$ cat protein-v4.cif   # mmCIF, C-alpha atoms and all ligand atoms
data_query
loop_
_atom_site.label_atom_id
_atom_site.label_comp_id
_atom_site.auth_asym_id
_atom_site.auth_seq_id
_atom_site.Cartn_x
_atom_site.Cartn_y
_atom_site.Cartn_z
CA MET T 1 0.00 0.00 0.00
CA ILE T 2 1.36 3.38 -0.98
CA GLN T 3 1.00 6.09 1.64
CA THR T 4 -0.22 9.31 0.15
CA ASN T 5 2.02 12.14 1.06
CA THR T 6 0.42 15.40 0.00
CA ASP T 7 3.85 16.92 -0.64
CA SER T 8 4.75 14.31 -3.22
CA PHE T 9 1.65 14.38 -5.38
CA LEU T 10 2.07 14.08 -9.11
CA LEU T 11 -1.24 15.67 -9.97
CA LYS T 12 -3.62 17.68 -7.86
CA ALA T 13 -7.07 18.99 -8.78
CA HIS T 14 -8.23 21.93 -6.71
CA ASP T 15 -11.86 23.14 -6.77
CA PHE T 16 -11.96 21.85 -10.31
CA THR T 17 -15.23 22.58 -12.10
CA VAL T 18 -16.49 21.78 -15.62
CA HIS T 19 -19.75 22.99 -17.14
CA TYR T 20 -20.92 22.02 -20.62
CA LYS T 21 -22.95 24.52 -22.62
CA THR T 22 -25.89 22.79 -24.27
CA ARG T 23 -28.99 23.99 -26.09
CA ARG T 24 -31.05 23.27 -22.98
CA GLY T 25 -28.69 25.13 -20.64
CA GLU T 26 -25.47 24.42 -18.72
CA ALA T 27 -24.73 20.90 -17.54
CA HIS T 28 -22.87 21.01 -14.21
CA ALA T 29 -20.72 17.98 -14.97
CA LEU T 30 -18.05 18.49 -12.29
CA ASP T 31 -18.33 20.81 -9.34
CA GLU T 32 -15.38 21.90 -7.17
CA ILE T 33 -13.55 18.60 -7.18
CA SER T 34 -10.35 18.46 -5.12
CA LEU T 35 -8.17 15.37 -5.16
CA GLU T 36 -4.61 14.32 -5.79
CA ILE T 37 -2.62 11.40 -7.13
CA ALA T 38 0.76 10.49 -5.70
CA GLN T 39 3.60 9.05 -7.73
CA GLY T 40 3.10 5.31 -8.14
CA GLU T 41 -0.41 5.46 -6.75
CA THR T 42 -3.56 4.01 -8.28
CA LEU T 43 -6.61 6.14 -7.66
CA GLY T 44 -9.92 4.59 -8.59
CA VAL T 45 -12.82 6.80 -9.69
CA VAL T 46 -16.27 5.29 -9.37
CA GLY T 47 -19.82 6.55 -9.78
CA GLU T 48 -22.94 5.92 -11.80
CA THR T 49 -23.28 6.84 -15.44
CA GLY T 50 -23.20 10.60 -15.95
CA SER T 51 -21.41 11.32 -12.68
CA GLY T 52 -18.51 13.09 -14.44
CA LYS T 53 -15.85 10.37 -14.59
CA SER T 54 -14.94 10.77 -18.28
CA THR T 55 -15.11 14.54 -17.91
CA LEU T 56 -12.41 14.31 -15.25
CA ALA T 57 -10.30 12.03 -17.47
CA LYS T 58 -10.58 14.36 -20.46
CA ALA T 59 -9.80 17.41 -18.34
CA VAL T 60 -6.56 15.85 -17.10
CA LEU T 61 -5.50 15.30 -20.72
CA GLY T 62 -6.71 18.72 -21.86
CA VAL T 63 -9.08 17.16 -24.39
CA LEU T 64 -12.43 18.55 -23.23
CA PRO T 65 -14.79 19.52 -26.07
CA PRO T 66 -15.11 23.20 -27.03
CA ASN T 67 -18.48 23.61 -25.26
CA ALA T 68 -16.82 22.94 -21.89
CA THR T 69 -15.94 25.80 -19.54
CA VAL T 70 -13.47 25.12 -16.79
CA SER T 71 -12.59 26.74 -13.47
CA GLY T 72 -10.29 25.77 -10.61
CA GLN T 73 -6.93 24.15 -11.19
CA ILE T 74 -5.24 20.89 -12.08
CA ILE T 75 -1.65 21.16 -10.92
CA TYR T 76 0.86 18.86 -12.57
CA HIS T 77 4.61 19.24 -11.90
CA GLY T 78 3.97 22.71 -10.54
CA SER T 79 1.98 24.02 -13.55
CA ASP T 80 -1.75 24.42 -13.94
CA LEU T 81 -2.79 22.13 -16.80
CA THR T 82 -5.88 24.24 -17.41
CA HIS T 83 -3.66 27.18 -18.38
CA LEU T 84 -0.97 25.51 -20.48
CA ASN T 85 -0.77 26.40 -24.16
CA ASP T 86 -1.58 23.78 -26.79
CA ASP T 87 2.07 23.10 -27.69
CA THR T 88 3.04 22.34 -24.11
CA LEU T 89 -0.05 20.19 -23.62
CA ARG T 90 0.73 18.25 -26.78
CA ARG T 91 4.23 17.56 -25.49
CA ILE T 92 2.90 16.24 -22.20
CA ARG T 93 0.01 14.29 -23.71
CA GLY T 94 0.96 10.74 -24.59
CA LYS T 95 4.52 11.12 -23.33
CA GLU T 96 3.92 12.02 -19.67
CA ILE T 97 0.19 11.62 -19.25
CA ALA T 98 -1.55 9.05 -21.42
CA LEU T 99 -5.21 8.24 -21.79
CA ILE T 100 -7.01 5.04 -22.59
CA PHE T 101 -10.39 6.12 -23.91
CA GLN T 102 -13.67 4.48 -23.02
CA ASP T 103 -14.30 3.72 -26.71
CA PRO T 104 -11.21 2.43 -28.58
CA MET T 105 -12.50 3.48 -32.00
CA THR T 106 -12.38 7.16 -31.00
CA ARG T 107 -8.60 6.86 -30.93
CA LEU T 108 -7.79 4.45 -33.74
CA ASN T 109 -7.76 5.81 -37.28
CA PRO T 110 -9.41 3.29 -39.66
CA LEU T 111 -7.07 4.33 -42.49
CA MET T 112 -3.86 3.65 -40.59
CA THR T 113 -2.23 0.33 -39.76
CA ILE T 114 -1.46 -0.47 -36.14
CA GLU T 115 2.21 0.06 -36.87
CA ASP T 116 1.50 3.55 -38.28
CA HIS T 117 -0.30 4.42 -35.04
CA PHE T 118 2.68 3.36 -32.97
CA LEU T 119 5.24 5.11 -35.17
CA GLU T 120 3.24 8.32 -35.13
CA GLU T 121 2.92 8.24 -31.35
CA ILE T 122 6.57 7.39 -30.69
CA GLN T 123 8.08 9.76 -33.25
CA ALA T 124 5.92 12.68 -32.08
CA HIS T 125 7.74 12.54 -28.76
CA GLU T 126 11.09 10.85 -29.20
CA SER T 127 13.83 11.21 -31.78
CA ILE T 128 14.72 7.59 -32.33
CA SER T 129 15.24 5.65 -35.56
CA VAL T 130 12.30 4.07 -37.35
CA GLU T 131 13.85 0.65 -36.70
CA GLU T 132 14.00 1.26 -32.97
CA ALA T 133 10.46 2.67 -32.95
CA ARG T 134 9.27 -0.43 -34.84
CA SER T 135 10.88 -2.77 -32.39
CA ARG T 136 9.36 -0.89 -29.44
CA ALA T 137 5.96 -1.03 -31.11
CA ARG T 138 6.21 -4.80 -31.59
CA GLU T 139 7.30 -5.25 -27.99
CA ALA T 140 4.34 -3.20 -26.71
CA LEU T 141 1.90 -5.18 -28.84
CA VAL T 142 3.26 -8.52 -27.71
CA SER T 143 3.07 -7.43 -24.06
CA MET T 144 -0.69 -7.12 -24.58
CA GLY T 145 -0.92 -10.64 -25.96
CA ILE T 146 -1.20 -9.73 -29.67
CA HIS T 147 1.10 -11.47 -32.11
CA GLU T 148 3.63 -9.15 -33.74
CA SER T 149 2.65 -10.34 -37.21
CA ARG T 150 -0.62 -8.41 -36.75
CA ILE T 151 1.17 -5.07 -36.64
CA ARG T 152 0.53 -4.36 -40.33
CA ASN T 153 -3.24 -4.88 -39.92
CA TYR T 154 -5.87 -2.14 -39.83
CA PRO T 155 -8.11 -1.50 -36.80
CA HIS T 156 -11.20 -3.09 -38.40
CA GLU T 157 -9.34 -6.39 -38.69
CA PHE T 158 -9.36 -6.81 -34.91
CA SER T 159 -12.08 -7.73 -32.43
CA GLY T 160 -13.30 -5.12 -29.95
CA GLY T 161 -11.26 -6.67 -27.15
CA MET T 162 -8.10 -6.71 -29.29
CA ARG T 163 -8.61 -3.09 -30.27
CA GLN T 164 -8.86 -2.20 -26.61
CA ARG T 165 -5.57 -4.01 -25.93
CA ILE T 166 -3.95 -2.17 -28.84
CA MET T 167 -5.13 1.10 -27.32
CA ILE T 168 -3.57 0.15 -24.02
CA ALA T 169 -0.30 -0.83 -25.74
CA LEU T 170 -0.31 2.54 -27.52
CA ALA T 171 -0.87 4.40 -24.26
CA LEU T 172 1.94 2.53 -22.54
CA VAL T 173 4.57 2.53 -25.28
CA LEU T 174 6.07 5.82 -24.09
CA LYS T 175 6.00 4.77 -20.43
CA PRO T 176 3.97 7.73 -19.14
CA PHE T 177 4.19 9.00 -15.55
CA LEU T 178 0.42 8.97 -15.32
CA LEU T 179 -2.00 6.73 -17.14
CA VAL T 180 -5.62 7.80 -17.17
CA ALA T 181 -7.67 4.72 -17.97
CA ASP T 182 -11.36 5.32 -18.66
CA GLU T 183 -13.17 1.98 -18.33
CA PRO T 184 -10.15 0.21 -19.87
CA THR T 185 -11.46 -3.30 -19.54
CA THR T 186 -15.20 -2.93 -20.07
CA SER T 187 -15.20 -4.63 -23.48
CA LEU T 188 -12.88 -7.46 -22.46
CA ASP T 189 -13.56 -10.90 -21.10
CA VAL T 190 -12.53 -11.62 -17.53
CA ILE T 191 -9.36 -13.52 -18.41
CA VAL T 192 -7.96 -10.78 -20.62
CA GLU T 193 -9.16 -8.25 -18.08
CA SER T 194 -7.16 -9.83 -15.30
CA GLN T 195 -4.07 -10.10 -17.57
CA ILE T 196 -4.30 -6.40 -18.33
CA LEU T 197 -4.73 -5.48 -14.71
CA GLU T 198 -1.64 -7.53 -13.92
CA ILE T 199 0.35 -5.72 -16.60
CA LEU T 200 -0.77 -2.37 -15.22
CA GLN T 201 0.24 -3.45 -11.72
CA ASP T 202 3.68 -4.51 -12.98
CA LEU T 203 4.19 -1.15 -14.67
CA ARG T 204 3.40 0.59 -11.45
CA ARG T 205 5.86 -1.53 -9.54
CA VAL T 206 8.65 -1.32 -12.10
CA TYR T 207 8.68 2.35 -12.86
CA LYS T 208 6.25 3.89 -10.42
CA MET T 209 3.63 4.88 -12.94
CA SER T 210 0.56 6.51 -11.41
CA LEU T 211 -2.84 5.33 -12.55
CA LEU T 212 -6.18 7.10 -12.55
CA LEU T 213 -8.54 4.20 -13.06
CA ILE T 214 -12.14 4.89 -13.96
CA THR T 215 -14.40 1.90 -13.73
CA HIS T 216 -17.88 0.66 -12.96
CA ASN T 217 -16.36 -2.51 -11.61
CA LEU T 218 -15.92 -2.27 -7.86
CA GLY T 219 -14.21 -5.67 -7.82
CA ILE T 220 -11.37 -4.21 -9.89
CA VAL T 221 -11.16 -1.22 -7.60
CA ALA T 222 -10.87 -3.46 -4.54
CA GLU T 223 -8.14 -5.46 -6.25
CA VAL T 224 -5.88 -2.79 -7.72
CA CYS T 225 -6.54 0.65 -6.22
CA ASP T 226 -4.80 2.34 -3.30
CA ARG T 227 -7.47 4.98 -2.88
CA VAL T 228 -10.94 5.58 -4.28
CA ALA T 229 -12.86 8.72 -5.23
CA VAL T 230 -16.64 8.33 -5.34
CA LEU T 231 -18.38 10.80 -7.65
CA TYR T 232 -22.07 11.51 -7.48
CA ALA T 233 -23.65 13.84 -10.05
CA GLY T 234 -20.43 15.81 -10.50
CA LYS T 235 -19.62 16.14 -6.80
CA LEU T 236 -17.03 14.27 -4.80
CA ALA T 237 -19.10 12.27 -2.31
CA GLU T 238 -16.28 10.35 -0.65
CA LEU T 239 -12.52 9.90 -0.99
CA GLY T 240 -10.29 7.57 0.96
CA PRO T 241 -8.08 4.50 1.21
CA VAL T 242 -9.60 1.52 -0.54
CA ARG T 243 -9.96 -0.45 2.70
CA ASP T 244 -11.90 2.34 4.42
CA ILE T 245 -14.18 2.86 1.44
CA PHE T 246 -15.04 -0.83 1.24
CA HIS T 247 -15.16 -1.74 4.90
CA ARG T 248 -16.37 1.42 6.57
CA PRO T 249 -17.90 3.74 3.98
CA ILE T 250 -19.43 6.93 5.31
CA HIS T 251 -21.53 8.52 2.57
CA PRO T 252 -24.99 6.93 2.07
CA TYR T 253 -24.32 6.97 -1.69
CA THR T 254 -21.12 4.93 -1.30
CA ARG T 255 -22.97 2.52 0.96
CA ALA T 256 -25.74 2.16 -1.61
CA LEU T 257 -23.20 1.67 -4.42
CA LEU T 258 -21.44 -1.07 -2.47
CA SER T 259 -24.63 -2.89 -1.61
CA SER T 260 -25.60 -2.92 -5.29
CA VAL T 261 -22.59 -5.10 -6.11
CA ILE T 262 -23.18 -8.77 -6.83
CA SER T 263 -20.69 -11.19 -5.30
CA LEU T 264 -20.65 -14.91 -4.72
CA GLU T 265 -22.04 -14.32 -1.25
CA THR T 266 -24.78 -12.00 -2.46
CA LYS T 267 -28.24 -13.24 -1.61
CA GLU T 268 -30.19 -10.28 -2.88
CA LEU T 269 -29.27 -7.42 -5.14
CA HIS T 270 -30.04 -3.93 -3.92
CA SER T 271 -30.27 -1.36 -6.62
CA ILE T 272 -30.10 2.30 -5.77
CA GLU T 273 -33.60 3.80 -5.74
CA GLY T 274 -34.29 6.54 -8.27
CA SER T 275 -32.00 7.69 -11.06
CA PRO T 276 -29.08 10.12 -11.29
CA PRO T 277 -30.24 13.76 -11.46
CA ASP T 278 -30.39 15.99 -14.51
CA LEU T 279 -27.18 17.98 -14.34
CA LEU T 280 -28.80 20.95 -16.08
CA ILE T 281 -30.72 21.56 -12.86
CA PRO T 282 -28.80 19.71 -10.15
CA PRO T 283 -30.64 19.22 -6.83
CA SER T 284 -30.04 21.92 -4.21
CA GLY T 285 -27.90 21.21 -1.14
CA CYS T 286 -26.53 17.68 -1.24
CA ARG T 287 -27.09 16.40 -4.78
CA PHE T 288 -27.88 12.94 -3.41
CA HIS T 289 -30.69 14.15 -1.11
CA PRO T 290 -33.65 13.19 -3.37
CA ARG T 291 -32.46 9.56 -3.30
CA CYS T 292 -31.04 9.43 0.22
CA PRO T 293 -33.00 7.46 2.81
CA TYR T 294 -31.47 9.56 5.61
CA ALA T 295 -32.08 13.02 4.10
CA GLN T 296 -33.22 15.83 6.43
CA SER T 297 -34.10 19.42 5.60
CA ILE T 298 -30.47 20.61 5.95
CA CYS T 299 -29.54 18.23 3.10
CA LYS T 300 -31.92 20.06 0.78
CA GLU T 301 -30.68 23.48 1.87
CA ASN T 302 -26.90 23.33 2.29
CA VAL T 303 -24.13 21.80 0.23
CA PRO T 304 -22.25 19.47 2.62
CA PRO T 305 -18.52 20.25 2.88
CA LEU T 306 -15.95 17.51 2.37
CA VAL T 307 -14.83 16.59 5.90
CA GLU T 308 -11.87 14.40 6.91
CA TYR T 309 -13.39 11.84 9.26
CA ARG T 310 -10.33 9.60 9.51
CA PRO T 311 -6.78 10.21 8.27
CA GLY T 312 -7.14 10.54 4.50
CA HIS T 313 -10.81 9.49 4.55
CA PHE T 314 -13.13 12.30 3.47
CA ALA T 315 -16.89 12.41 2.96
CA ALA T 316 -19.37 15.13 2.04
CA CYS T 317 -22.43 14.29 4.15
CA HIS T 318 -24.14 16.43 6.82
CA PHE T 319 -24.59 13.31 8.92
CA GLY T 320 -21.18 11.74 8.32
CA ASP T 321 -20.60 11.43 12.09
CA THR T 322 -23.55 9.11 12.50
CA PHE T 323 -22.18 6.69 9.90
CA LEU T 324 -18.72 6.26 11.43
P1 LIG T 401 -20.43 7.00 -18.04
O1 LIG T 401 -20.27 6.11 -16.84
O2 LIG T 401 -21.73 6.78 -18.73
O3 LIG T 401 -19.25 6.97 -18.95
P2 LIG T 401 -19.42 9.49 -16.92
O4 LIG T 401 -19.39 9.42 -15.42
O5 LIG T 401 -18.16 9.26 -17.64
O6 LIG T 401 -20.57 8.50 -17.45
P3 LIG T 401 -19.43 12.07 -18.28
O7 LIG T 401 -19.29 11.53 -19.64
O8 LIG T 401 -18.26 12.72 -17.66
O9 LIG T 401 -20.01 10.94 -17.29
O10 LIG T 401 -20.65 13.09 -18.31
C1 LIG T 401 -20.99 13.88 -17.18
C2 LIG T 401 -22.18 14.76 -17.55
O11 LIG T 401 -21.79 15.70 -18.55
C3 LIG T 401 -23.37 14.00 -18.13
O12 LIG T 401 -24.54 14.60 -17.62
C4 LIG T 401 -23.26 14.22 -19.61
O13 LIG T 401 -24.52 14.21 -20.21
C5 LIG T 401 -22.63 15.60 -19.69
N1 LIG T 401 -21.77 15.73 -20.89
C6 LIG T 401 -20.68 14.98 -21.19
N2 LIG T 401 -20.11 15.39 -22.35
C7 LIG T 401 -20.85 16.42 -22.79
C8 LIG T 401 -20.79 17.29 -23.93
N3 LIG T 401 -19.80 17.17 -24.82
N4 LIG T 401 -21.74 18.24 -24.05
C9 LIG T 401 -22.73 18.37 -23.14
N5 LIG T 401 -22.85 17.61 -22.04
C10 LIG T 401 -21.94 16.64 -21.85
MG MG T 402 -17.57 7.87 -19.06
#
$ encode --input "protein-v4.cif" --output "structure tokens" --more "lines below"
Ligand code: ATP
Ligand code: MG
Amino acid sequence: MIQTNTDSFLLKAHDFTVHYKTRRGEAHALDEISLEIAQGETLGVVGETGSGKSTLAKAVLGVLPPNATVSGQIIYHGSDLTHLNDDTLRRIRGKEIALIFQDPMTRLNPLMTIEDHFLEEIQAHESISVEEARSRAREALVSMGIHESRIRNYPHEFSGGMRQRIMIALALVLKPFLLVADEPTTSLDVIVESQILEILQDLRRVYKMSLLLITHNLGIVAEVCDRVAVLYAGKLAELGPVRDIFHRPIHPYTRALLSSVISLETKELHSIEGSPPDLLIPPSGCRFHPRCPYAQSICKENVPPLVEYRPGHFAACHFGDTFL
């Protein structure tokens, strides 16, 4: 387990907020999120669909769409990523911070072979010979269990799961400091999934890569993450060491999320009542209050602050004390 030392963070979001302009109004996709990732740490990000997970991933890479407006900061190596110019961001992207997208086809160009993708990525950041770049590309592909003879194929010649592994190989070929993985294993079967998680774990161990892992799968979080951030409707509901989040969660939303997980011991499946709110008009006070079985009038009126209940274990609930 890696201890998080706030002085040695690699990336730190502070009051980070993203709104999307839409024809119906502004979607409050992320609201004053503060969290950090230490070197070598794996931070899991969980939350229902629409909670802002991919928005956070895109913001870290500086690839938010043009209708997004951003406030707050994301500090990386002492600079605010939200204020870097495009050239600097391009240098960092891929080389220092890499992203595995939720949908592999958004990243793979159907007109380029897999080898072209690798060469483009490597040569954009490193001045090495084509031969060396080729051999690195083959090595990366093989490490994801794809035979090197397939390197001259086009994306459509692979299955969805293989394309996802190619994406991961592409993201890892430059050995980034931080890998942002948005649902990296959703389209894979469980065997390939566990192989990939093992590879990611090895990379962390060998060269202290940090990982921001976005997933719906709480089993994966329990297995590979050091800490977990729980997002609800664009707000940070809870943040803490993985053991605390799983064994003594504080926020009623986290508790509901955990009890909705099926395991071998599960006798009945609890789903969370209601559906996530419309982010164009988020609920007042605590955004979870309309679905919370413990909600009181204060929950409707005031936004709960994020409070540290145990060392490193934060929750944003007016009644956090009663759930300790
Ligand atoms: P999922 O689990 O389904 O991937 P998510 O947690 O990744 O969901 P986001 O994709 O970050 O959620 O979306 C957060 C909110 O922002 C949603 O309400 C979504 O509708 C809205 N949103 C996302 N992208 C845009 C966009 N380009 N324009 C307008 N609204 C957007
Ligand atoms: Mg998403």
$ residues_near_point --input "protein-v4.cif" --point "(2.0, -0.5, -35.7)" --cutoff "8 Å" --atoms "all atoms listed in the file" --output "list in words"
Thr113, Ile114, Glu115, Asp116, His117, Phe118, Leu119, Arg134, Ala137, Arg138, Ile151 and Arg152 of chain T
$ residues_near_ligand --input "protein-v4.cif" --ligand "ligand MG 402 (chain T)" --cutoff "9 Å" --atoms "all atoms listed in the file" --output "MDAnalysis selection string"
chainID T and resid 49:55 57 101:102 182:183 214:215
$ closest_residue --input "protein-v4.cif" --among "T:Lys235, T:Glu121, T:Thr69, T:Gln296" --to "Ala98 (chain T)" --atoms "all atoms listed in the file"
T:Glu121
$ closest_residue --input "protein-v4.cif" --among "T:Arg243, T:Lys12, T:His77, T:His216" --to "ligand LIG 401 (chain T)" --atoms "all atoms listed in the file"
T:His216
$ residues_around --input "protein-v4.cif" --residues "Leu111 (chain T)" --least-positions-apart "5" --cutoff "10 Å" --atoms "only C-alpha atoms" --output "PyMOL selection string"
chain T and resi 116+154-156
$ write_last_selection --input "protein-v4.cif" --atoms "C-alpha atoms" --output "short mmCIF file (atom, residue, chain, number, x, y, z; two decimals), in the coordinates of the input"
data_model
loop_
_atom_site.label_atom_id
_atom_site.label_comp_id
_atom_site.auth_asym_id
_atom_site.auth_seq_id
_atom_site.Cartn_x
_atom_site.Cartn_y
_atom_site.Cartn_z
CA ASP T 116 1.50 3.55 -38.28
CA TYR T 154 -5.87 -2.14 -39.83
CA PRO T 155 -8.11 -1.50 -36.80
CA HIS T 156 -11.20 -3.09 -38.40
#
$ residues_around --input "protein-v4.cif" --residues "Leu11 (chain T)" --least-positions-apart "6" --cutoff "9 Å" --atoms "all atoms listed in the file" --output "list in words"
Leu35, Glu36, Ile37, Ala38, Gln39, Val60, Ile74, Ile75, Tyr76, His77, Gly78 and Leu178 of chain T
$ residues_around --input "protein-v4.cif" --residues "Leu200 (chain T)" --least-positions-apart "3" --cutoff "10 Å" --atoms "all atoms listed in the file" --output "PyMOL selection string"
chain T and resi 42+168+172+179+194-197+203-206+209-211+224
$ closest_atom_pairs --input "protein-v4.cif" --of "region 156-245 of chain T" --to "region 270-285 of chain T" --cutoff "10 Å" --atoms "all atoms listed in the file" --output "JSON lines"
{"residue": "T:Tyr232", "atom": "CA", "partner": "T:Pro276", "partner_atom": "CA", "distance": 8.1}
{"residue": "T:Ala233", "atom": "CA", "partner": "T:Pro276", "partner_atom": "CA", "distance": 6.7}
{"residue": "T:Gly234", "atom": "CA", "partner": "T:Leu279", "partner_atom": "CA", "distance": 8.1}
$ closest_residue --input "protein-v4.cif" --among "T:Ser129, T:Thr22, T:Thr322, T:Thr254" --to "ligand LIG 401 (chain T)" --atoms "only C-alpha atoms and all ligand atoms"
T:Thr22
$ atom_distance --input "protein-v4.cif" --atom1 "CA of Val261 (chain T)" --atom2 "CA of Leu218 (chain T)"
7.5 Å
$ residues_around --input "protein-v4.cif" --residues "Ile122 (chain T)" --least-positions-apart "4" --cutoff "8 Å" --atoms "only C-alpha atoms" --output "PDB file with C-alpha atoms, keeping the file's coordinate frame"
ATOM      1  CA  PHE T 118       2.680   3.360 -32.970  1.00  0.00           C
ATOM      2  CA  GLU T 126      11.090  10.850 -29.200  1.00  0.00           C
ATOM      3  CA  ALA T 133      10.460   2.670 -32.950  1.00  0.00           C
ATOM      4  CA  VAL T 173       4.570   2.530 -25.280  1.00  0.00           C
ATOM      5  CA  LEU T 174       6.070   5.820 -24.090  1.00  0.00           C
TER       6      LEU T 174
END
$ closest_residue --input "protein-v4.cif" --among "T:Gln73, T:Tyr309, T:Met162, T:Val190" --to "Arg150 (chain T)" --atoms "only C-alpha atoms"
T:Met162
$ residues_around --input "protein-v4.cif" --residues "Pro252 (chain T)" --least-positions-apart "5" --cutoff "9 Å" --atoms "only C-alpha atoms" --output "ChimeraX atom specification"
/T:257,288,292-294,317,320,323
$ residues_near_point --input "protein-v4.cif" --point "(-11.6, 18.3, -7.6)" --cutoff "6 Å" --atoms "only C-alpha atoms" --output "list in words"
Ala13, His14, Asp15, Phe16, Glu32, Ile33, Ser34 and Leu35 of chain T
$ closest_residue --input "protein-v4.cif" --among "T:Gln164, T:Thr88, T:Thr17, T:Asn67" --to "ligand LIG 401 (chain T)" --atoms "all atoms listed in the file"
T:Asn67
$ closest_residue --input "protein-v4.cif" --among "T:Ile100, T:Met105, T:Ala59, T:Val45" --to "Ala29 (chain T)" --atoms "all atoms listed in the file"
T:Ala59
$ build_atoms --input "protein-v4.cif" --residues "region 292-298 of chain T" --atoms "all heavy atoms" --output "compact mmCIF listing (two decimals), in the coordinates of the input"
# COMPACT_ATOMS: atom_id res chain seq x y z
N CYS T 292 -31.69 9.89 -1.02
CA CYS T 292 -31.04 9.43 0.22
C CYS T 292 -32.08 9.07 1.28
O CYS T 292 -32.93 9.89 1.62
CB CYS T 292 -30.11 10.52 0.75
SG CYS T 292 -29.25 10.01 2.24
N PRO T 293 -32.01 7.85 1.80
CA PRO T 293 -33.00 7.46 2.81
C PRO T 293 -32.85 8.22 4.13
O PRO T 293 -33.77 8.20 4.96
CB PRO T 293 -32.73 5.96 3.02
CG PRO T 293 -31.37 5.70 2.47
CD PRO T 293 -31.08 6.76 1.46
N TYR T 294 -31.71 8.87 4.33
CA TYR T 294 -31.47 9.56 5.61
C TYR T 294 -31.64 11.07 5.49
O TYR T 294 -31.33 11.80 6.43
CB TYR T 294 -30.05 9.26 6.12
CG TYR T 294 -29.72 7.79 6.11
CD1 TYR T 294 -28.97 7.23 5.07
CD2 TYR T 294 -30.17 6.96 7.13
CE1 TYR T 294 -28.68 5.87 5.04
CE2 TYR T 294 -29.89 5.60 7.12
CZ TYR T 294 -29.14 5.06 6.07
OH TYR T 294 -28.86 3.73 6.05
N ALA T 295 -32.09 11.57 4.32
CA ALA T 295 -32.08 13.02 4.10
C ALA T 295 -32.98 13.78 5.07
O ALA T 295 -34.08 13.35 5.39
CB ALA T 295 -32.50 13.31 2.66
N GLN T 296 -32.47 14.91 5.58
CA GLN T 296 -33.22 15.83 6.43
C GLN T 296 -33.28 17.17 5.70
O GLN T 296 -32.66 17.32 4.64
CB GLN T 296 -32.48 16.02 7.77
CG GLN T 296 -32.14 14.74 8.49
CD GLN T 296 -33.34 14.14 9.19
OE1 GLN T 296 -34.21 14.86 9.67
NE2 GLN T 296 -33.42 12.82 9.20
N SER T 297 -33.94 18.16 6.33
CA SER T 297 -34.10 19.42 5.60
C SER T 297 -32.77 20.11 5.29
O SER T 297 -32.59 20.72 4.24
CB SER T 297 -35.06 20.36 6.32
OG SER T 297 -34.62 20.52 7.63
N ILE T 298 -31.78 19.97 6.20
CA ILE T 298 -30.47 20.61 5.95
C ILE T 298 -29.85 20.09 4.64
O ILE T 298 -29.15 20.83 3.92
CB ILE T 298 -29.50 20.39 7.15
CG1 ILE T 298 -28.21 21.18 6.92
CG2 ILE T 298 -29.22 18.91 7.37
CD1 ILE T 298 -27.20 21.09 8.03
